>>> print(open('coords04.pdb').read())   # PDB, C-alpha atoms and all ligand atoms
ATOM      1  CA  MET U 205     -14.671   7.400  -9.551
ATOM      2  CA  LYS U 206     -11.507   9.451 -10.003
ATOM      3  CA  ILE U 207      -8.305   7.547 -10.808
ATOM      4  CA  ILE U 208      -4.959   9.240 -10.166
ATOM      5  CA  TYR U 209      -2.125   8.127 -12.436
ATOM      6  CA  SER U 210       1.216   9.365 -13.738
ATOM      7  CA  PRO U 211       3.526   7.578 -16.215
ATOM      8  CA  VAL U 212       6.545   8.719 -14.153
ATOM      9  CA  HIS U 213       6.354   5.416 -12.219
ATOM     10  CA  LYS U 214       8.020   3.747 -15.253
ATOM     11  CA  LYS U 215      11.278   5.540 -14.414
ATOM     12  CA  HIS U 216      11.645   3.080 -11.519
ATOM     13  CA  ASN U 217      12.411  -0.285 -13.073
ATOM     14  CA  PRO U 218      15.075  -2.250 -11.148
ATOM     15  CA  SER U 219      16.737  -5.192 -12.945
ATOM     16  CA  PHE U 220      16.889  -7.588  -9.999
ATOM     17  CA  GLU U 221      16.368  -8.227  -6.302
ATOM     18  CA  VAL U 222      18.653 -10.300  -4.081
ATOM     19  CA  TYR U 223      16.954 -13.397  -2.722
ATOM     20  CA  ASP U 224      18.765 -16.212  -0.911
ATOM     21  CA  GLY U 225      22.053 -14.513  -1.757
ATOM     22  CA  GLU U 226      21.357 -14.684  -5.484
ATOM     23  CA  LYS U 227      20.101 -12.197  -8.033
ATOM     24  CA  SER U 228      16.534 -12.940  -9.064
ATOM     25  CA  ALA U 229      13.869 -11.314 -11.242
ATOM     26  CA  TYR U 230      12.253  -8.175  -9.824
ATOM     27  CA  PRO U 231       8.489  -8.821  -9.486
ATOM     28  CA  GLU U 232       7.478  -5.194  -8.861
ATOM     29  CA  VAL U 233       7.375  -4.164 -12.555
ATOM     30  CA  PRO U 234       5.922  -1.106 -14.364
ATOM     31  CA  ASP U 235       3.404  -3.298 -16.255
ATOM     32  CA  ARG U 236       1.555  -3.837 -12.946
ATOM     33  CA  ILE U 237       0.173  -0.321 -12.986
ATOM     34  CA  GLU U 238      -0.198  -0.123 -16.774
ATOM     35  CA  THR U 239      -2.392  -3.230 -16.840
ATOM     36  CA  ILE U 240      -4.566  -2.018 -13.944
ATOM     37  CA  LEU U 241      -5.045   1.361 -15.629
ATOM     38  CA  ALA U 242      -5.959  -0.271 -18.951
ATOM     39  CA  ALA U 243      -8.525  -2.567 -17.306
ATOM     40  CA  LEU U 244     -10.193   0.266 -15.360
ATOM     41  CA  LYS U 245     -10.394   2.356 -18.550
ATOM     42  CA  LYS U 246     -11.779  -0.545 -20.590
ATOM     43  CA  GLU U 247     -14.548  -1.080 -18.022
ATOM     44  CA  LYS U 248     -15.169   2.697 -17.868
ATOM     45  CA  LEU U 249     -14.870   2.648 -14.092
ATOM     46  CA  GLY U 250     -13.483   6.138 -13.690
ATOM     47  CA  THR U 251     -11.911   9.348 -14.968
ATOM     48  CA  VAL U 252      -8.123   9.496 -15.046
ATOM     49  CA  LEU U 253      -6.406  12.591 -13.578
ATOM     50  CA  SER U 254      -2.710  13.494 -13.244
ATOM     51  CA  PRO U 255      -1.310  14.125  -9.763
ATOM     52  CA  GLN U 256      -0.608  17.638  -8.462
ATOM     53  CA  SER U 257       2.834  18.331  -7.021
ATOM     54  CA  PHE U 258       3.070  18.560  -3.222
ATOM     55  CA  SER U 259       5.955  19.819  -1.077
ATOM     56  CA  LEU U 260       8.375  17.435   0.625
ATOM     57  CA  ASP U 261       7.006  18.680   3.984
ATOM     58  CA  HIS U 262       4.244  16.050   3.722
ATOM     59  CA  ILE U 263       6.842  13.285   3.381
ATOM     60  CA  GLU U 264       8.811  14.699   6.327
ATOM     61  CA  LYS U 265       5.858  13.989   8.621
ATOM     62  CA  ILE U 266       6.385  10.244   8.016
ATOM     63  CA  HIS U 267      10.078   9.905   7.071
ATOM     64  CA  HIS U 268      13.225  11.481   8.586
ATOM     65  CA  ARG U 269      14.597  14.375   6.546
ATOM     66  CA  ASN U 270      18.002  12.665   6.224
ATOM     67  CA  TYR U 271      16.391   9.561   4.726
ATOM     68  CA  ILE U 272      14.501  11.682   2.165
ATOM     69  CA  THR U 273      17.664  13.587   1.246
ATOM     70  CA  PHE U 274      19.618  10.349   0.926
ATOM     71  CA  LEU U 275      17.060   8.880  -1.489
ATOM     72  CA  GLN U 276      16.981  12.059  -3.543
ATOM     73  CA  LYS U 277      20.757  12.550  -3.832
ATOM     74  CA  LYS U 278      21.780   8.910  -4.185
ATOM     75  CA  SER U 279      19.113   8.188  -6.768
ATOM     76  CA  ALA U 280      20.067  11.208  -8.889
ATOM     77  CA  SER U 281      23.774  10.257  -8.725
ATOM     78  CA  LEU U 282      23.289   6.807 -10.262
ATOM     79  CA  ASN U 283      23.928   5.860 -13.898
ATOM     80  CA  SER U 284      20.813   4.965 -15.871
ATOM     81  CA  ASN U 285      21.626   1.221 -15.742
ATOM     82  CA  ALA U 286      22.746   1.025 -12.078
ATOM     83  CA  ASN U 287      20.992  -0.984  -9.344
ATOM     84  CA  PHE U 288      22.363   0.197  -6.024
ATOM     85  CA  PHE U 289      21.628  -1.523  -2.719
ATOM     86  CA  ALA U 290      22.216   0.939   0.102
ATOM     87  CA  SER U 291      23.983  -0.400   3.192
ATOM     88  CA  TYR U 292      21.927   1.809   5.518
ATOM     89  CA  PHE U 293      18.390   3.274   5.465
ATOM     90  CA  ILE U 294      17.327  -0.205   4.253
ATOM     91  CA  MET U 295      15.753  -3.269   5.908
ATOM     92  CA  ASP U 296      16.260  -6.055   3.355
ATOM     93  CA  THR U 297      17.523  -6.911  -0.133
ATOM     94  CA  TYR U 298      14.296  -6.029  -1.975
ATOM     95  CA  ALA U 299      14.705  -2.289  -2.542
ATOM     96  CA  PRO U 300      17.412  -1.391  -5.054
ATOM     97  CA  LEU U 301      17.898   2.272  -5.916
ATOM     98  CA  THR U 302      17.996   3.291  -9.560
ATOM     99  CA  ASN U 303      18.374   6.637 -11.273
ATOM    100  CA  GLY U 304      14.596   7.137 -11.518
ATOM    101  CA  THR U 305      13.649   5.775  -8.103
ATOM    102  CA  PHE U 306      13.334   9.074  -6.256
ATOM    103  CA  LEU U 307      11.334  10.722  -9.053
ATOM    104  CA  ALA U 308       8.951   7.768  -9.243
ATOM    105  CA  ALA U 309       8.603   7.424  -5.467
ATOM    106  CA  LYS U 310       7.936  11.163  -5.085
ATOM    107  CA  LYS U 311       5.281  10.965  -7.828
ATOM    108  CA  ALA U 312       3.707   7.965  -6.081
ATOM    109  CA  VAL U 313       3.353  10.168  -2.973
ATOM    110  CA  ASP U 314       1.890  13.007  -5.082
ATOM    111  CA  THR U 315      -0.554  10.486  -6.538
ATOM    112  CA  ALA U 316      -1.716   9.423  -3.066
ATOM    113  CA  LEU U 317      -1.902  13.036  -1.803
ATOM    114  CA  THR U 318      -3.864  14.210  -4.850
ATOM    115  CA  ALA U 319      -6.335  11.399  -4.236
ATOM    116  CA  ALA U 320      -6.478  12.266  -0.513
ATOM    117  CA  GLU U 321      -7.263  15.899  -1.271
ATOM    118  CA  LEU U 322     -10.118  14.861  -3.572
ATOM    119  CA  VAL U 323     -11.549  12.659  -0.813
ATOM    120  CA  LYS U 324     -11.189  15.528   1.650
ATOM    121  CA  ASN U 325     -13.132  17.717  -0.788
ATOM    122  CA  GLY U 326     -16.063  15.310  -0.960
ATOM    123  CA  GLU U 327     -15.269  12.560  -3.502
ATOM    124  CA  ARG U 328     -16.719   9.220  -2.344
ATOM    125  CA  LEU U 329     -14.178   6.917  -4.023
ATOM    126  CA  VAL U 330     -10.715   7.710  -5.435
ATOM    127  CA  TYR U 331      -8.117   5.197  -6.649
ATOM    128  CA  ALA U 332      -4.428   6.216  -6.378
ATOM    129  CA  LEU U 333      -2.364   4.133  -8.821
ATOM    130  CA  SER U 334       0.801   4.698  -6.796
ATOM    131  CA  ARG U 335       3.974   2.871  -7.772
ATOM    132  CA  PRO U 336       6.394   1.985  -6.225
ATOM    133  CA  PRO U 337       4.229   0.735  -3.355
ATOM    134  CA  GLY U 338       4.757   2.075   0.170
ATOM    135  CA  HIS U 339       3.596   0.094   3.189
ATOM    136  CA  HIS U 340       6.990  -1.447   4.088
ATOM    137  CA  ALA U 341       8.774   1.935   4.063
ATOM    138  CA  GLY U 342       9.472   3.152   7.607
ATOM    139  CA  TYR U 343      10.693   6.334   9.270
ATOM    140  CA  VAL U 344      14.286   5.763   8.138
ATOM    141  CA  ASN U 345      14.098   2.826   5.760
ATOM    142  CA  MET U 346      13.201   1.505   2.340
ATOM    143  CA  GLY U 347      12.460  -2.217   1.952
ATOM    144  CA  GLY U 348      10.102  -4.744   0.342
ATOM    145  CA  TYR U 349       9.803  -2.804  -2.976
ATOM    146  CA  CYS U 350       8.844   0.354  -0.989
ATOM    147  CA  TYR U 351      10.603   3.740  -0.626
ATOM    148  CA  PHE U 352       8.082   6.319   0.626
ATOM    149  CA  ASN U 353       4.978   5.222   2.518
ATOM    150  CA  ASN U 354       2.268   6.598   0.218
ATOM    151  CA  ALA U 355      -0.659   5.429   2.365
ATOM    152  CA  ALA U 356       0.839   6.691   5.632
ATOM    153  CA  ILE U 357       1.553  10.098   4.087
ATOM    154  CA  ALA U 358      -2.036  10.296   2.778
ATOM    155  CA  ALA U 359      -3.431   9.191   6.158
ATOM    156  CA  GLU U 360      -1.353  11.795   7.990
ATOM    157  CA  TYR U 361      -2.645  14.446   5.561
ATOM    158  CA  LEU U 362      -6.308  13.442   5.965
ATOM    159  CA  SER U 363      -5.994  13.208   9.770
ATOM    160  CA  GLN U 364      -5.896  17.013   9.903
ATOM    161  CA  PHE U 365      -9.554  16.955   8.849
ATOM    162  CA  GLY U 366     -10.930  13.966  10.776
ATOM    163  CA  LYS U 367     -10.170  10.496  12.115
ATOM    164  CA  VAL U 368      -8.769   8.036   9.593
ATOM    165  CA  ALA U 369      -9.121   4.248   9.447
ATOM    166  CA  LEU U 370      -6.454   2.565   7.322
ATOM    167  CA  LEU U 371      -7.160  -1.035   6.300
ATOM    168  CA  ASP U 372      -4.239  -2.946   4.779
ATOM    169  CA  ILE U 373      -5.271  -5.950   2.657
ATOM    170  CA  ASP U 374      -1.893  -6.594   1.038
ATOM    171  CA  TYR U 375      -0.623 -10.178   1.610
ATOM    172  CA  HIS U 376       2.250  -8.772   3.697
ATOM    173  CA  HIS U 377       2.085  -6.851   6.954
ATOM    174  CA  GLY U 378       2.553  -3.091   6.493
ATOM    175  CA  ASN U 379       5.347  -2.672   9.001
ATOM    176  CA  GLY U 380       6.045   0.911   7.910
ATOM    177  CA  THR U 381       2.443   2.019   8.283
ATOM    178  CA  GLN U 382       2.112   0.346  11.681
ATOM    179  CA  GLN U 383       5.300   2.088  12.844
ATOM    180  CA  ALA U 384       4.078   5.512  11.673
ATOM    181  CA  PHE U 385       0.876   5.427  13.738
ATOM    182  CA  TYR U 386       1.719   3.060  16.612
ATOM    183  CA  GLN U 387       1.393   5.823  19.215
ATOM    184  CA  ARG U 388      -1.641   7.549  17.666
ATOM    185  CA  ASP U 389      -5.316   7.276  18.548
ATOM    186  CA  ASP U 390      -6.577   9.392  15.627
ATOM    187  CA  ILE U 391      -5.433   6.979  12.915
ATOM    188  CA  LEU U 392      -6.515   3.341  13.262
ATOM    189  CA  TYR U 393      -4.337   0.787  11.455
ATOM    190  CA  VAL U 394      -5.921  -2.614  10.752
ATOM    191  CA  SER U 395      -4.133  -5.271   8.707
ATOM    192  CA  LEU U 396      -4.927  -8.753   7.368
ATOM    193  CA  HIS U 397      -1.754 -10.525   6.220
ATOM    194  CA  VAL U 398       0.202 -13.744   6.164
ATOM    195  CA  ASP U 399       1.644 -14.930   9.488
ATOM    196  CA  PRO U 400       4.991 -13.118   9.913
ATOM    197  CA  ASN U 401       6.442 -16.252  11.515
ATOM    198  CA  LYS U 402       6.245 -17.741   8.012
ATOM    199  CA  LYS U 403       6.697 -14.885   5.542
ATOM    200  CA  TYR U 404       8.047 -11.383   4.991
ATOM    201  CA  PRO U 405       8.402  -8.973   6.796
ATOM    202  CA  TYR U 406       9.001 -11.479   9.657
ATOM    203  CA  ILE U 407       9.661  -8.716  12.231
ATOM    204  CA  SER U 408       6.133  -7.389  12.677
ATOM    205  CA  GLY U 409       2.456  -8.106  12.133
ATOM    206  CA  PHE U 410       1.837 -10.238  15.219
ATOM    207  CA  ALA U 411      -1.599 -10.089  16.860
ATOM    208  CA  SER U 412      -0.008  -8.975  20.145
ATOM    209  CA  GLU U 413       1.122  -5.677  18.568
ATOM    210  CA  ASP U 414      -1.790  -3.394  19.459
ATOM    211  CA  GLY U 415      -0.273   0.064  19.906
ATOM    212  CA  ILE U 416       1.487   1.950  22.690
ATOM    213  CA  GLY U 417       0.649   4.937  24.929
ATOM    214  CA  LYS U 418      -2.486   6.661  23.731
ATOM    215  CA  GLY U 419      -2.200   4.495  20.608
ATOM    216  CA  LYS U 420      -2.969   1.365  22.656
ATOM    217  CA  GLY U 421      -5.877  -0.445  20.990
ATOM    218  CA  TYR U 422      -5.576   1.534  17.747
ATOM    219  CA  ASN U 423      -3.386  -0.998  15.938
ATOM    220  CA  LYS U 424      -4.970  -4.313  14.964
ATOM    221  CA  ASN U 425      -3.158  -7.188  13.299
ATOM    222  CA  TYR U 426      -4.883 -10.255  11.868
ATOM    223  CA  PRO U 427      -2.134 -12.694  10.870
ATOM    224  CA  LEU U 428      -3.460 -15.540   8.734
ATOM    225  CA  PRO U 429      -2.027 -18.965   7.893
ATOM    226  CA  LEU U 430      -0.365 -19.911   4.628
ATOM    227  CA  LYS U 431      -3.016 -21.069   2.120
ATOM    228  CA  THR U 432      -5.807 -19.069   3.781
ATOM    229  CA  THR U 433      -9.180 -19.766   2.128
ATOM    230  CA  GLU U 434     -11.843 -17.275   1.014
ATOM    231  CA  LYS U 435     -14.097 -18.409   3.877
ATOM    232  CA  VAL U 436     -11.493 -17.672   6.565
ATOM    233  CA  TYR U 437     -10.486 -14.450   4.827
ATOM    234  CA  ALA U 438     -14.099 -13.191   4.705
ATOM    235  CA  GLU U 439     -14.677 -14.068   8.374
ATOM    236  CA  THR U 440     -11.510 -12.214   9.395
ATOM    237  CA  LEU U 441     -12.336  -9.223   7.224
ATOM    238  CA  THR U 442     -15.742  -9.018   8.901
ATOM    239  CA  LYS U 443     -13.993  -8.741  12.293
ATOM    240  CA  ALA U 444     -11.675  -6.047  10.940
ATOM    241  CA  LEU U 445     -14.692  -4.095   9.676
ATOM    242  CA  VAL U 446     -16.243  -4.169  13.157
ATOM    243  CA  ASP U 447     -13.000  -2.610  14.495
ATOM    244  CA  ILE U 448     -13.244   0.115  11.864
ATOM    245  CA  HIS U 449     -16.954   0.760  12.369
ATOM    246  CA  THR U 450     -16.474   1.019  16.160
ATOM    247  CA  PHE U 451     -13.728   3.629  15.644
ATOM    248  CA  HIS U 452     -16.152   6.002  13.828
ATOM    249  CA  PRO U 453     -13.672   7.301  11.248
ATOM    250  CA  VAL U 454     -14.363  10.229   8.929
ATOM    251  CA  PHE U 455     -12.102   8.832   6.169
ATOM    252  CA  PHE U 456     -11.284   5.313   5.023
ATOM    253  CA  ILE U 457      -8.013   4.362   3.322
ATOM    254  CA  ILE U 458      -7.422   0.940   1.784
ATOM    255  CA  SER U 459      -3.834  -0.211   1.241
ATOM    256  CA  ALA U 460      -4.820  -2.490  -1.620
ATOM    257  CA  GLY U 461      -2.487  -5.368  -2.437
ATOM    258  CA  PHE U 462      -3.444  -8.148  -4.840
ATOM    259  CA  ASP U 463      -0.752 -10.584  -3.700
ATOM    260  CA  THR U 464      -3.489 -12.465  -1.759
ATOM    261  CA  TYR U 465      -4.548 -13.919  -5.144
ATOM    262  CA  VAL U 466      -4.367 -17.719  -5.573
ATOM    263  CA  ASN U 467      -1.994 -17.429  -8.563
ATOM    264  CA  ASP U 468       0.268 -14.730  -7.140
ATOM    265  CA  PRO U 469       3.920 -15.776  -7.572
ATOM    266  CA  ILE U 470       4.869 -14.507  -4.070
ATOM    267  CA  GLY U 471       1.685 -15.138  -2.088
ATOM    268  CA  SER U 472       0.070 -18.343  -0.819
ATOM    269  CA  PHE U 473      -3.571 -17.428  -0.124
ATOM    270  CA  GLN U 474      -6.432 -18.920  -2.133
ATOM    271  CA  LEU U 475      -8.466 -15.877  -3.168
ATOM    272  CA  SER U 476     -10.081 -15.969  -6.632
ATOM    273  CA  ILE U 477     -10.698 -13.043  -8.986
ATOM    274  CA  PRO U 478     -14.470 -12.757  -8.223
ATOM    275  CA  PHE U 479     -13.714 -12.741  -4.491
ATOM    276  CA  TYR U 480     -12.215  -9.242  -4.853
ATOM    277  CA  GLN U 481     -15.740  -8.014  -5.628
ATOM    278  CA  THR U 482     -16.916  -9.657  -2.401
ATOM    279  CA  ILE U 483     -14.155  -7.799  -0.552
ATOM    280  CA  GLY U 484     -15.194  -4.535  -2.226
ATOM    281  CA  LYS U 485     -18.843  -5.030  -1.248
ATOM    282  CA  LEU U 486     -17.937  -5.742   2.367
ATOM    283  CA  LEU U 487     -15.795  -2.581   2.497
ATOM    284  CA  ALA U 488     -18.521  -0.504   0.795
ATOM    285  CA  GLY U 489     -20.754  -1.422   3.736
ATOM    286  CA  LEU U 490     -18.830   1.088   5.851
ATOM    287  CA  GLN U 491     -20.315   3.870   3.677
ATOM    288  CA  LEU U 492     -17.290   6.107   4.168
ATOM    289  CA  PRO U 493     -15.370   8.427   1.818
ATOM    290  CA  THR U 494     -12.796   5.956   0.517
ATOM    291  CA  LEU U 495      -9.254   6.272  -0.807
ATOM    292  CA  VAL U 496      -7.789   3.158  -2.447
ATOM    293  CA  ILE U 497      -3.978   3.165  -2.664
ATOM    294  CA  GLN U 498      -2.174   0.520  -4.697
ATOM    295  CA  GLU U 499       0.332  -1.656  -2.806
ATOM    296  CA  GLY U 500       1.552  -5.105  -4.013
ATOM    297  CA  GLY U 501       0.248  -7.853  -6.302
ATOM    298  CA  TYR U 502       2.521  -9.607  -8.784
ATOM    299  CA  CYS U 503       0.422 -11.811 -11.075
ATOM    300  CA  VAL U 504       0.567  -9.175 -13.799
ATOM    301  CA  ALA U 505      -1.743 -11.097 -16.175
ATOM    302  CA  ASP U 506      -4.669 -10.895 -13.740
ATOM    303  CA  LEU U 507      -4.075  -7.636 -11.840
ATOM    304  CA  GLY U 508      -6.474  -5.702 -14.074
ATOM    305  CA  SER U 509      -9.307  -8.156 -13.402
ATOM    306  CA  MET U 510      -8.715  -8.053  -9.648
ATOM    307  CA  ALA U 511      -8.731  -4.240  -9.599
ATOM    308  CA  VAL U 512     -11.940  -4.155 -11.680
ATOM    309  CA  GLN U 513     -13.673  -6.598  -9.317
ATOM    310  CA  LEU U 514     -12.579  -4.680  -6.210
ATOM    311  CA  ILE U 515     -13.826  -1.372  -7.624
ATOM    312  CA  LYS U 516     -17.132  -2.892  -8.816
ATOM    313  CA  GLY U 517     -17.657  -4.158  -5.274
ATOM    314  CA  LEU U 518     -16.783  -0.779  -3.759
ATOM    315  CA  GLN U 519     -19.247   0.901  -6.130
ATOM    316  CA  SER U 520     -22.086  -1.532  -5.552
ATOM    317  CA  PRO U 521     -25.188   0.030  -4.013
ATOM    318  CA  GLU U 522     -25.748  -0.458  -0.318
ATOM    319  CA  VAL U 523     -28.379  -3.036   0.669
ATOM    320  CA  SER U 524     -30.268  -1.767   3.688
TER     321      SER U 524
HETATM  322  N1  LIG S 601      11.231 -13.047  -4.266
HETATM  323  C1  LIG S 601       4.912  -5.703  -1.285
HETATM  324  O1  LIG S 601       4.046  -6.519  -1.552
HETATM  325  N2  LIG S 601       9.982 -10.925  -0.419
HETATM  326  N3  LIG S 601       6.162  -6.065  -0.957
HETATM  327  C2  LIG S 601      10.111 -11.409  -1.757
HETATM  328  C3  LIG S 601      10.385 -13.422  -3.183
HETATM  329  C4  LIG S 601       9.696  -9.506  -0.331
HETATM  330  C5  LIG S 601       6.532  -7.466  -0.887
HETATM  331  C6  LIG S 601      10.753 -12.756  -1.856
HETATM  332  C7  LIG S 601       8.226  -9.190  -0.465
HETATM  333  C8  LIG S 601       7.934  -7.710  -0.454
HETATM  334  C9  LIG S 601       4.608  -4.241  -1.348
HETATM  335 ZN    ZN S 602       2.682  -7.488  -0.435
END
>>> encode(input="coords04.pdb", output="structure tokens")
Amino acid sequence: MKIIYSPVHKKHNPSFEVYDGEKSAYPEVPDRIETILAALKKEKLGTVLSPQSFSLDHIEKIHHRNYITFLQKKSASLNSNANFFASYFIMDTYAPLTNGTFLAAKKAVDTALTAAELVKNGERLVYALSRPPGHHAGYVNMGGYCYFNNAAIAAEYLSQFGKVALLDIDYHHGNGTQQAFYQRDDILYVSLHVDPNKKYPYISGFASEDGIGKGKGYNKNYPLPLKTTEKVYAETLTKALVDIHTFHPVFFIISAGFDTYVNDPIGSFQLSIPFYQTIGKLLAGLQLPTLVIQEGGYCVADLGSMAVQLIKGLQSPEVS
């Protein structure tokens, strides 16, 4: 497996989020990616490569030019210790801008695009260690620790070469990714996530949202209850995999969040560390060229183990 990583993500390190009107600790920390990288290296699961640099044109296919320019200019204008909450181009209080945010977010996109290009050129499994994550970022907004939608930009890129199925297994619904492809029939978006009536992002992720126009039927949401068990999760994932198989994609992208873990400080599901290998094995059954893109997951102590289990499952030989 090829692993794409750049240390530039560390330049994005906000000091706080605003929750319930109060400052609170920022869970989306640089150590998340560092610990995953260290665990993958220790288990010798892949070769680490640096991302290539891609033009902003790729980002402009998913985000409005004015939003991109705003992020770039505002970020660069900030002092090194500033945490700035924009009053527009933002959907919540979970996406502060800092001096390094644009550089890190751009590198996270380059990381995803480098991985996508490798998959296009025949790699079977590539892991993009993108940070900050992306699936909440929409056409004109940051939010939920996300600035640029890494997975959507990679999916848009790969869609030039064949149909793309994007499966989102982060605990939260990927509102930004759904928005990007809601009217498209060449990119299928399927998501398993906590019921948006109960948890973030609240505004989307309902089962009734199934696409519009020619995109009708090419958006699939599987909202799950708080405290979802491994049994219910596996049954739901099996349904999602039927959707993907029926679509006959050429490429498979996984928006991989580990905030479904039982000990995640933000999540509420009951998934154990070994269950991520079960997930990986189920996904490997599709036998498709696969791009894994990092999204959330906040139990830093165990992120490395979860990533290792997921990749071991994805690499496990097919039983026929
Ligand atoms: N402090 C991702 O997983 N709500 N984003 C946090 C608790 C926002 C999650 C409230 C969750 C955003 C990529
Ligand atoms: Zn999440």
>>> residues_around(input="coords04.pdb", residues="Glu264 (chain U)", least_positions_apart="5", cutoff="12 Å", atoms="only C-alpha atoms", output="list in words")
Phe258, Ser259, Arg269, Asn270, Tyr271, Ile272, Thr273, Lys310, Val313, Gly342, Tyr343, Val344, Phe352, Asn353, Ala356, Ile357, Glu360, Tyr361 and Ala384 of chain U
>>> write_last_selection(input="coords04.pdb", atoms="C-alpha atoms", output="CSV table (one decimal), keeping the file's coordinate frame")
chain,number,residue,atom,x,y,z
U,258,PHE,CA,3.1,18.6,-3.2
U,259,SER,CA,6.0,19.8,-1.1
U,269,ARG,CA,14.6,14.4,6.5
U,270,ASN,CA,18.0,12.7,6.2
U,271,TYR,CA,16.4,9.6,4.7
U,272,ILE,CA,14.5,11.7,2.2
U,273,THR,CA,17.7,13.6,1.2
U,310,LYS,CA,7.9,11.2,-5.1
U,313,VAL,CA,3.4,10.2,-3.0
U,342,GLY,CA,9.5,3.2,7.6
U,343,TYR,CA,10.7,6.3,9.3
U,344,VAL,CA,14.3,5.8,8.1
U,352,PHE,CA,8.1,6.3,0.6
U,353,ASN,CA,5.0,5.2,2.5
U,356,ALA,CA,0.8,6.7,5.6
U,357,ILE,CA,1.6,10.1,4.1
U,360,GLU,CA,-1.4,11.8,8.0
U,361,TYR,CA,-2.6,14.4,5.6
U,384,ALA,CA,4.1,5.5,11.7
>>> closest_residue(input="coords04.pdb", among="U:Phe410, U:Tyr223, U:Tyr404, U:Phe288", to="Asn423 (chain U)", atoms="all atoms listed in the file")
U:Phe410
>>> residues_near_ligand(input="coords04.pdb", ligand="ligand LIG 601 (chain S)", cutoff="7 Å", atoms="all atoms listed in the file", output="list of chain:residue names")
U:Tyr223, U:Tyr298, U:Pro337, U:Gly338, U:His339, U:His340, U:Gly348, U:Tyr349, U:Cys350, U:Asp374, U:Tyr375, U:His376, U:Tyr404, U:Gly461, U:Asp463, U:Ile470, U:Glu499, U:Gly500, U:Gly501
>>> resolve_selection(input="coords04.pdb", expression="the PyMOL selection byres (((chain U and resi 392-397) around 9) and not hetatm)", output="PyMOL selection string")
chain U and resi 367-378+381-382+385-386+388-391+398-400+409+419+421-429+437+440-441+444-445+447-448+451+453+464
>>> residues_around(input="coords04.pdb", residues="Tyr209 (chain U)", least_positions_apart="5", cutoff="10 Å", atoms="only C-alpha atoms", output="number ranges by chain")
U: 237-238, 241, 252-255, 311-312, 314-316, 318-319, 331-335
>>> atom_distance(input="coords04.pdb", atom1="CA of Gly304 (chain U)", atom2="CA of Pro336 (chain U)")
11.0 Å
>>> atom_distance(input="coords04.pdb", atom1="CA of Lys206 (chain U)", atom2="CA of His262 (chain U)")
21.9 Å
>>> atom_distance(input="coords04.pdb", atom1="CA of Asn287 (chain U)", atom2="CA of Asp235 (chain U)")
19.0 Å
>>> closest_residue(input="coords04.pdb", among="U:Glu232, U:Ile483, U:Glu327, U:Lys402", to="ligand ZN 602 (chain S)", atoms="all atoms listed in the file")
U:Glu232
>>> residues_around(input="coords04.pdb", residues="Asn303 (chain U)", least_positions_apart="3", cutoff="12 Å", atoms="all atoms listed in the file", output="list of chain:residue names")
U:Lys214, U:Lys215, U:His216, U:Asn217, U:Pro218, U:Leu275, U:Gln276, U:Lys277, U:Lys278, U:Ser279, U:Ala280, U:Ser281, U:Leu282, U:Asn283, U:Ser284, U:Asn285, U:Ala286, U:Asn287, U:Phe288, U:Pro300, U:Phe306, U:Leu307, U:Ala308, U:Ala309
